[in-house]
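Quick look at start.cif (mmCIF, C-alpha atoms and all ligand atoms):
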data_final
#
loop_
_atom_site.label_atom_id
_atom_site.label_comp_id
_atom_site.auth_asym_id
_atom_site.auth_seq_id
_atom_site.Cartn_x
_atom_site.Cartn_y
_atom_site.Cartn_z
CA MET P 1 -8.10 -99.99 -52.50
CA VAL P 2 -7.09 -100.89 -56.02
CA LYS P 3 -10.15 -100.82 -58.22
CA LYS P 4 -10.21 -102.82 -61.40
CA GLY P 5 -11.22 -101.29 -64.68
CA LYS P 6 -10.07 -98.77 -67.19
CA LYS P 7 -7.53 -96.22 -66.04
CA VAL P 8 -8.91 -92.75 -65.45
CA GLU P 9 -7.37 -90.62 -68.16
CA TYR P 10 -6.13 -87.12 -67.64
CA GLU P 11 -4.83 -84.39 -69.88
CA LEU P 12 -2.42 -81.70 -68.75
CA ASN P 13 -3.17 -78.19 -69.89
CA PRO P 14 -1.13 -75.28 -68.53
CA ASN P 15 -3.19 -72.86 -70.67
CA GLY P 16 -0.20 -70.87 -71.80
CA ILE P 17 1.27 -70.21 -68.32
CA LYS P 18 4.90 -69.24 -68.82
CA SER P 19 6.10 -69.32 -65.24
CA LEU P 20 5.02 -69.40 -61.60
CA THR P 21 6.52 -67.41 -58.74
CA ASP P 22 8.63 -69.24 -56.14
CA ASN P 23 5.87 -68.64 -53.67
CA GLU P 24 3.25 -70.22 -55.92
CA ILE P 25 5.51 -73.22 -56.45
CA LYS P 26 6.01 -73.65 -52.70
CA THR P 27 2.30 -73.24 -52.05
CA ILE P 28 1.26 -75.87 -54.58
CA LEU P 29 3.88 -78.31 -53.28
CA ARG P 30 2.74 -77.72 -49.70
CA GLY P 31 -0.85 -78.43 -50.70
CA ALA P 32 0.17 -81.64 -52.44
CA ASP P 33 1.79 -82.97 -49.26
CA ASP P 34 -1.51 -84.28 -47.89
CA LEU P 35 -2.37 -85.96 -51.19
CA ILE P 36 0.77 -87.86 -52.10
CA MET P 37 -0.39 -91.17 -53.62
CA SER P 38 -3.87 -90.54 -52.22
CA GLY P 39 -5.31 -87.67 -54.24
CA GLY P 40 -5.15 -86.10 -57.65
CA ARG P 41 -5.02 -82.75 -59.42
CA ALA P 42 -8.67 -81.86 -58.97
CA LEU P 43 -8.59 -82.32 -55.20
CA LEU P 44 -5.39 -80.27 -54.94
CA SER P 45 -6.98 -77.43 -56.89
CA LYS P 46 -9.94 -77.52 -54.48
CA ILE P 47 -7.65 -77.27 -51.44
CA LEU P 48 -5.84 -74.29 -52.93
CA GLY P 49 -9.10 -72.66 -53.93
CA GLY P 50 -10.56 -73.11 -50.43
CA SER P 51 -13.46 -75.24 -51.66
CA LYS P 52 -16.15 -76.40 -49.22
CA ASP P 53 -16.37 -79.70 -51.11
CA LYS P 54 -17.79 -82.46 -48.87
CA LYS P 55 -15.04 -84.97 -49.55
CA LEU P 56 -12.37 -82.36 -48.86
CA ILE P 57 -13.92 -81.47 -45.50
CA GLU P 58 -14.35 -85.16 -44.63
CA LEU P 59 -10.66 -85.72 -45.23
CA GLU P 60 -9.93 -82.62 -43.07
CA LEU P 61 -7.96 -81.12 -45.93
CA ASN P 62 -9.35 -77.72 -44.94
CA TYR P 63 -6.69 -77.84 -42.18
CA SER P 64 -3.92 -77.64 -44.75
CA PRO P 65 -1.88 -74.46 -44.13
CA VAL P 66 -2.41 -73.55 -47.79
CA TYR P 67 -6.16 -74.17 -47.82
CA GLY P 68 -7.68 -71.23 -49.72
CA ALA P 69 -4.24 -69.84 -50.64
CA PHE P 70 -5.56 -69.22 -54.19
CA LYS P 71 -8.98 -68.05 -53.13
CA GLY P 72 -10.64 -66.01 -55.84
CA VAL P 73 -8.68 -67.74 -58.60
CA SER P 74 -10.85 -69.97 -60.79
CA GLN P 75 -10.54 -73.75 -60.48
CA LYS P 76 -9.54 -73.87 -64.13
CA GLU P 77 -6.69 -71.46 -63.58
CA ILE P 78 -5.50 -73.27 -60.43
CA LEU P 79 -5.58 -76.55 -62.34
CA SER P 80 -3.47 -74.93 -65.07
CA LYS P 81 -0.88 -73.95 -62.47
CA ILE P 82 -0.84 -77.52 -61.13
CA ASP P 83 -0.42 -78.85 -64.66
CA TRP P 84 2.45 -76.42 -65.20
CA MET P 85 4.06 -77.92 -62.06
CA ILE P 86 3.73 -81.42 -63.49
CA LEU P 87 5.10 -80.41 -66.88
CA HIS P 88 8.04 -78.69 -65.17
CA ASP P 89 8.95 -81.74 -63.15
CA TYR P 90 7.94 -80.62 -59.65
CA LEU P 91 5.10 -83.12 -59.41
CA VAL P 92 4.38 -86.33 -61.25
CA ILE P 93 1.27 -88.41 -61.79
CA GLU P 94 1.43 -92.05 -60.81
CA TYR P 95 -1.36 -94.56 -61.07
CA ASN P 96 -2.65 -96.54 -58.14
CA GLY P 97 -4.94 -99.02 -59.86
CA ARG P 98 -7.02 -96.89 -62.18
CA LEU P 99 -6.58 -93.58 -60.39
CA PRO P 100 -3.99 -90.96 -61.38
CA LEU P 101 -2.46 -89.67 -58.15
CA LEU P 102 0.04 -86.96 -57.30
CA CYS P 103 3.62 -87.68 -56.31
CA TYR P 104 6.66 -85.51 -55.72
CA THR P 105 9.60 -85.58 -58.06
CA ASP P 106 13.02 -85.28 -56.37
CA LYS P 107 13.09 -81.63 -57.42
CA GLY P 108 9.64 -80.97 -55.91
CA TRP P 109 10.36 -82.87 -52.71
CA ASP P 110 13.61 -80.92 -52.13
CA ILE P 111 11.57 -77.72 -52.04
CA GLU P 112 8.66 -79.13 -50.04
CA ARG P 113 10.96 -80.73 -47.48
CA GLU P 114 12.49 -77.32 -46.82
CA THR P 115 9.08 -75.65 -46.48
CA TYR P 116 7.77 -78.37 -44.22
CA ALA P 117 10.89 -78.48 -42.04
CA ASP P 118 10.59 -74.70 -41.53
CA GLU P 119 6.95 -75.14 -40.53
CA LEU P 120 7.78 -77.93 -38.06
CA PHE P 121 10.63 -75.85 -36.66
CA GLU P 122 8.23 -72.98 -35.89
CA LYS P 123 5.81 -75.41 -34.26
CA LEU P 124 8.58 -76.96 -32.20
CA ILE P 125 9.65 -73.54 -30.90
CA ASP P 126 6.02 -72.81 -29.96
CA ALA P 127 5.72 -76.17 -28.21
CA ALA P 128 8.95 -75.55 -26.29
CA GLU P 129 7.76 -72.09 -25.22
CA ASN P 130 4.32 -73.36 -24.17
CA ARG P 131 5.78 -76.59 -22.78
CA THR P 132 3.38 -78.64 -24.82
CA TYR P 133 6.09 -81.22 -25.20
CA GLU P 134 3.76 -83.88 -26.50
CA PHE P 135 4.00 -82.13 -29.85
CA VAL P 136 7.01 -84.38 -30.41
CA GLU P 137 4.67 -87.35 -30.88
CA THR P 138 3.62 -85.87 -34.19
CA LEU P 139 7.24 -86.06 -35.38
CA LYS P 140 7.47 -89.82 -35.06
CA ASP P 141 7.38 -91.94 -38.22
CA ARG P 142 7.78 -88.91 -40.47
CA ASN P 143 9.97 -89.02 -43.52
CA ARG P 144 13.55 -89.42 -42.31
CA GLY P 145 15.00 -86.82 -44.70
CA LEU P 146 12.48 -84.28 -43.43
CA ILE P 147 13.27 -85.04 -39.79
CA PHE P 148 17.02 -84.82 -40.31
CA LEU P 149 16.61 -81.48 -42.06
CA LEU P 150 14.51 -80.27 -39.12
CA LEU P 151 17.21 -81.41 -36.70
CA ASP P 152 19.85 -79.55 -38.71
CA LYS P 153 17.75 -76.41 -38.45
CA ILE P 154 17.46 -76.88 -34.69
CA ALA P 155 21.22 -77.34 -34.36
CA ASP P 156 21.91 -74.29 -36.55
CA SER P 157 19.55 -72.17 -34.47
CA GLY P 158 21.85 -72.50 -31.45
CA ASN P 159 18.70 -72.23 -29.34
CA LYS P 160 19.43 -73.98 -26.04
CA GLU P 161 15.85 -73.53 -24.93
CA LEU P 162 15.01 -76.41 -27.26
CA ILE P 163 17.05 -78.97 -25.32
CA THR P 164 14.20 -79.98 -23.00
CA ILE P 165 11.82 -80.71 -25.84
CA LEU P 166 14.60 -82.56 -27.67
CA ASN P 167 15.00 -84.77 -24.60
CA ALA P 168 11.29 -85.53 -24.65
CA TRP P 169 11.44 -86.29 -28.36
CA GLN P 170 14.46 -88.51 -28.00
CA MET P 171 12.61 -90.81 -25.59
CA LEU P 172 10.09 -91.72 -28.29
CA GLU P 173 12.41 -92.27 -31.22
CA TYR P 174 14.14 -95.19 -32.87
CA LYS P 175 17.88 -95.61 -32.81
CA LYS P 176 19.04 -93.57 -35.81
CA VAL P 177 16.92 -90.55 -35.00
CA LYS P 178 17.81 -90.90 -31.30
CA VAL P 179 21.51 -90.72 -32.14
CA LYS P 180 20.98 -87.69 -34.35
CA ILE P 181 18.94 -85.92 -31.65
CA GLN P 182 21.76 -86.55 -29.18
CA GLU P 183 24.24 -84.95 -31.61
CA VAL P 184 22.02 -81.88 -31.81
CA ILE P 185 21.68 -81.73 -28.00
CA ASP P 186 25.46 -82.00 -27.66
CA ARG P 187 25.90 -79.17 -30.15
CA LEU P 188 23.40 -76.96 -28.36
CA GLU P 189 24.98 -77.70 -24.97
CA LYS P 190 28.18 -76.16 -26.30
CA VAL P 191 26.45 -72.94 -27.29
CA LYS P 192 27.48 -70.06 -25.02
CA GLU P 193 25.47 -69.77 -21.84
CA ARG P 194 23.39 -66.77 -22.79
CA THR P 195 19.99 -68.46 -22.75
CA GLU P 196 20.57 -70.72 -19.78
CA LYS P 197 17.70 -69.44 -17.68
CA ILE P 198 14.68 -71.08 -19.31
CA HIS P 199 16.46 -74.36 -19.88
CA ASN P 200 17.10 -74.77 -16.15
CA GLN P 201 14.05 -72.95 -14.92
CA ASP P 202 11.87 -75.90 -14.16
CA PRO P 203 13.51 -79.31 -14.09
CA ILE P 204 10.43 -80.71 -12.28
CA SER P 205 8.24 -79.97 -15.24
CA PHE P 206 10.36 -82.28 -17.35
CA SER P 207 9.86 -85.24 -15.06
CA ALA P 208 6.13 -84.44 -14.92
CA ASN P 209 6.04 -84.52 -18.70
CA LYS P 210 7.85 -87.81 -18.67
CA LYS P 211 5.16 -89.27 -16.40
CA TRP P 212 2.43 -87.82 -18.61
CA LEU P 213 3.95 -89.23 -21.78
CA SER P 214 4.28 -92.66 -20.17
CA ILE P 215 0.46 -92.90 -20.08
CA PRO P 216 -0.88 -94.57 -23.25
CA VAL P 217 -1.98 -92.00 -25.81
CA GLU P 218 -5.64 -93.18 -25.97
CA ILE P 219 -5.93 -92.71 -22.22
CA ARG P 220 -4.29 -89.29 -22.39
CA ARG P 221 -6.79 -88.25 -25.08
CA LYS P 222 -9.64 -89.38 -22.80
CA LEU P 223 -8.22 -87.52 -19.80
CA GLU P 224 -7.89 -84.34 -21.87
CA LYS P 225 -11.58 -84.54 -22.74
CA ASN P 226 -12.65 -85.14 -19.18
CA VAL P 227 -11.86 -81.92 -17.31
CA TRP P 228 -14.28 -79.95 -15.17
CA CYS P 229 -14.75 -76.29 -16.10
CA SER P 230 -16.26 -74.27 -13.24
CA SER P 231 -17.30 -71.56 -15.67
CA CYS P 232 -19.12 -73.85 -18.13
CA ARG P 233 -20.25 -76.08 -15.22
CA ASP P 234 -19.56 -78.99 -17.50
CA VAL P 235 -17.00 -81.56 -18.48
CA VAL P 236 -14.88 -80.02 -21.22
CA LYS P 237 -11.70 -80.56 -23.17
CA ILE P 238 -8.53 -78.94 -21.87
CA GLU P 239 -6.22 -77.19 -24.32
CA ARG P 240 -2.95 -75.26 -24.28
CA TYR P 241 -2.01 -77.05 -21.09
CA THR P 242 1.24 -77.58 -19.27
CA VAL P 243 2.07 -80.62 -17.17
CA LYS P 244 3.31 -80.05 -13.63
CA GLU P 245 4.24 -82.16 -10.66
CA CYS P 246 1.89 -82.12 -7.68
CA SER P 247 1.71 -83.93 -4.33
CA THR P 248 -0.55 -86.71 -5.61
CA GLY P 249 1.01 -87.15 -9.04
CA ILE P 250 0.81 -84.73 -11.95
CA VAL P 251 -1.57 -81.98 -12.86
CA LEU P 252 -2.54 -80.55 -16.24
CA GLU P 253 -3.09 -76.81 -16.13
CA GLY P 254 -4.62 -75.19 -19.18
CA LYS P 255 -7.68 -73.56 -20.69
CA CYS P 256 -11.22 -74.74 -21.32
CA GLN P 257 -11.67 -75.39 -25.04
CA LYS P 258 -15.21 -73.94 -24.92
CA CYS P 259 -14.82 -70.74 -22.92
CA GLY P 260 -11.09 -70.24 -22.37
CA HIS P 261 -11.41 -70.29 -18.58
CA ASP P 262 -8.48 -71.72 -16.55
CA VAL P 263 -8.98 -75.41 -15.87
CA ALA P 264 -6.87 -78.09 -14.26
CA ARG P 265 -6.97 -81.85 -14.02
CA VAL P 266 -5.06 -83.88 -11.46
CA ILE P 267 -3.86 -87.28 -12.57
CA ASP P 268 -2.85 -89.72 -9.86
ZN ZN H 1 -15.47 -73.45 -19.85
#
Before anything else, please render the file you have as structure tokens.
Ligand SMILES: [Zn+2]
Amino acid sequence: MVKKGKKVEYELNPNGIKSLTDNEIKTILRGADDLIMSGGRALLSKILGGSKDKKLIELELNYSPVYGAFKGVSQKEILSKIDWMILHDYLVIEYNGRLPLLCYTDKGWDIERETYADELFEKLIDAAENRTYEFVETLKDRNRGLIFLLLDKIADSGNKELITILNAWQMLEYKKVKVKIQEVIDRLEKVKERTEKIHNQDPISFSANKKWLSIPVEIRRKLEKNVWCSSCRDVVKIERYTVKECSTGIVLEGKCQKCGHDVARVID
């Protein structure tokens, strides 16, 4: 990756910006998350501006939650805001070889970690409600500080309905995170019994999920893409599915990605 040659120079110019709102600061930091030590100021300004730049689309940066957050603002002005962030110690430029790349400062990361943990917390609640427990795979190998903050938020929520997904998550994790997840489960178990019903509603579904998750991920991805839709009369990809026990093994029940029709796939 490291290319030899003269370092690419850059010059920061906040163009007289005096301050940014908290929301702007959070937005810029969120956008930088996908670029840490891999992209620079110009690419970040394109994400925020919602650019259709080929490289940006190739890197799937248009999936950033803040893609286009500054739509309508000129690239020059967005760049000025980013430069203000660097000059005010939220972001820092570090070189990898000759390229100046974005990095968080401690101050910037403290804010971004909070934003990101909130986002993951919302996603985890969604996954628990829809029983798409395999969401937990996306939490593995994340920054430890971020994950611990997320776990604190889960514990503080007192939401017992999250225990099942925490169990699924715990199975995948390394020791330290495993121990921390158990602490959170223990804390939630002690929460008064008001939300007991969903937690105990379907214990079978948990063992079905366990079976599903024991299948190697590449094979699971293939199975998801190989589901018959009677409406499309074609092999399609299943989405928004739940995993259930059936007489011959497990069954995925969800929707056709193309037409939204109910589809199911038995796995034996
Ligand atoms: Zn279909």
Legend entry - Selection near segment 143-149 of chain P, 9 Å with only C-alpha atoms, sequence-local residues under 5 positions removed, as a ChimeraX atom specification: /P:113-114,116-117,154,177,180-181
For the selection just defined, write its residues with C-alpha atoms to a file, as a PDB file, in the frame of the given file.
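Contents of out_34.pdb, freshly written:
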ATOM      1  CA  ARG P 113      10.960 -80.730 -47.480  1.00  0.00           C
ATOM      2  CA  GLU P 114      12.490 -77.320 -46.820  1.00  0.00           C
ATOM      3  CA  TYR P 116       7.770 -78.370 -44.220  1.00  0.00           C
ATOM      4  CA  ALA P 117      10.890 -78.480 -42.040  1.00  0.00           C
ATOM      5  CA  ILE P 154      17.460 -76.880 -34.690  1.00  0.00           C
ATOM      6  CA  VAL P 177      16.920 -90.550 -35.000  1.00  0.00           C
ATOM      7  CA  LYS P 180      20.980 -87.690 -34.350  1.00  0.00           C
ATOM      8  CA  ILE P 181      18.940 -85.920 -31.650  1.00  0.00           C
TER       9      ILE P 181
END
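Distance check against Ile36 of chain P using only C-alpha atoms: of P:Leu101, P:Leu61, P:Leu20, P:Met85, the minimum falls on P:Leu101.
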Inset, instruction - Would you mind reading off the distance between atom CA of Glu58 of chain P and atom CA of Leu79 of chain P, one decimal, in Å? - result: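 Between atom CA of Glu58 of chain P and atom CA of Leu79 of chain P the gap works out to 21.6 Å.
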Inset, instruction - Excluding Ile86 of chain P and residues on its chain fewer than 3 positions from it, collect all residues at most 12 Å away from it, counting all atoms listed in the file, and give them as number ranges by chain. - result: P: 11-14, 25, 28-29, 32, 40-41, 79-83, 89-94, 101-105, 107-108
Box for segment 87-101 of chain P - axis-aligned, 8 Å on each of the six sides, all listed atoms - centre and size in Å to one decimal, as lines of an AutoDock Vina configuration file.
center_x = 1.0
center_y = -88.9
center_z = -62.5
size_x = 32.0
size_y = 36.3
size_z = 24.7
Inset, instruction - Set the cut-off to 10 Å, count all atoms listed in the file, and list whatever residues fall near ligand ZN 1 (chain H) as a PyMOL selection string. - result: chain P and resi 227-238+255-263
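For the pair atom CA of Ile215 of chain P and atom CA of Asp141 of chain P, the separation is 19.4 Å.
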Legend entry - Nearby residues (all atoms listed in the file) at most 9 Å from Lys6 of chain P, same-chain spacing under 3 positions excluded, as a ChimeraX atom specification: /P:9,97-98
Inset, instruction - Could you check which of P:Pro100, P:Arg30, P:Asn209, P:Lys55 is closest to Ala69 of chain P, using all atoms listed in the file? - result: P:Arg30
Mind checking which residues fall within 10 Å of Phe70 of chain P, counting only C-alpha atoms, ignoring those fewer than 6 positions away in the same chain, and posting them as a short mmCIF file (atom, residue, chain, number, x, y, z; two decimals) with C-alpha atoms, in the frame of the given file?
data_model
loop_
_atom_site.label_atom_id
_atom_site.label_comp_id
_atom_site.auth_asym_id
_atom_site.auth_seq_id
_atom_site.Cartn_x
_atom_site.Cartn_y
_atom_site.Cartn_z
CA GLU P 24 3.25 -70.22 -55.92
CA THR P 27 2.30 -73.24 -52.05
CA ILE P 28 1.26 -75.87 -54.58
CA SER P 45 -6.98 -77.43 -56.89
CA LYS P 46 -9.94 -77.52 -54.48
CA ILE P 47 -7.65 -77.27 -51.44
CA LEU P 48 -5.84 -74.29 -52.93
CA GLY P 49 -9.10 -72.66 -53.93
CA GLY P 50 -10.56 -73.11 -50.43
CA GLU P 77 -6.69 -71.46 -63.58
CA ILE P 78 -5.50 -73.27 -60.43
#
Inset, instruction - Find the residues near Ala168 of chain P: any atom within 10 Å, counting all atoms listed in the file, skip ones fewer than 4 places away on the same chain, and give them as a list of chain:residue names. - result: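 Here the qualifying residues turn out to be P:Tyr133, P:Glu134, P:Phe135, P:Val136, P:Glu137, P:Ile163, P:Thr164, P:Leu172, P:Glu173, P:Phe206, P:Ser207, P:Asn209, P:Lys210, P:Leu213.
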Inset, instruction - Go through P:Glu239, P:Asp22, P:Glu245, P:Glu224 and flag the residue nearest Ala208 of chain P, using only C-alpha atoms for the distances. - result: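 Going through P:Glu239, P:Asp22, P:Glu245, P:Glu224 one by one, the smallest distance to Ala208 of chain P is for P:Glu245.
The interatomic distance for the pair atom CA of Asp152 of chain P and atom CA of Ser205 of chain P works out to 26.2 Å.
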Inset, instruction - Give the answer as one residue: which of P:Gln170, P:Ser64, P:Ser214, P:Asn159 has the shortest atom-to-atom distance to Glu189 of chain P, using all atoms listed in the file? - result: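 So, comparing all the options, the nearest one is P:Asn159.
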Legend entry - For Asn167 of chain P, the nearest of the candidates P:Val179, P:Ala155, P:Asp53, P:Ile185, counting only C-alpha atoms: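 Residue with the minimum atom-to-atom distance to Asn167 of chain P: P:Ile185.
For the choices P:Lys211, P:Arg220, P:Lys153, P:Lys160, the atom-to-atom distance to Glu129 of chain P is smallest for P:Lys160 when using all atoms listed in the file.
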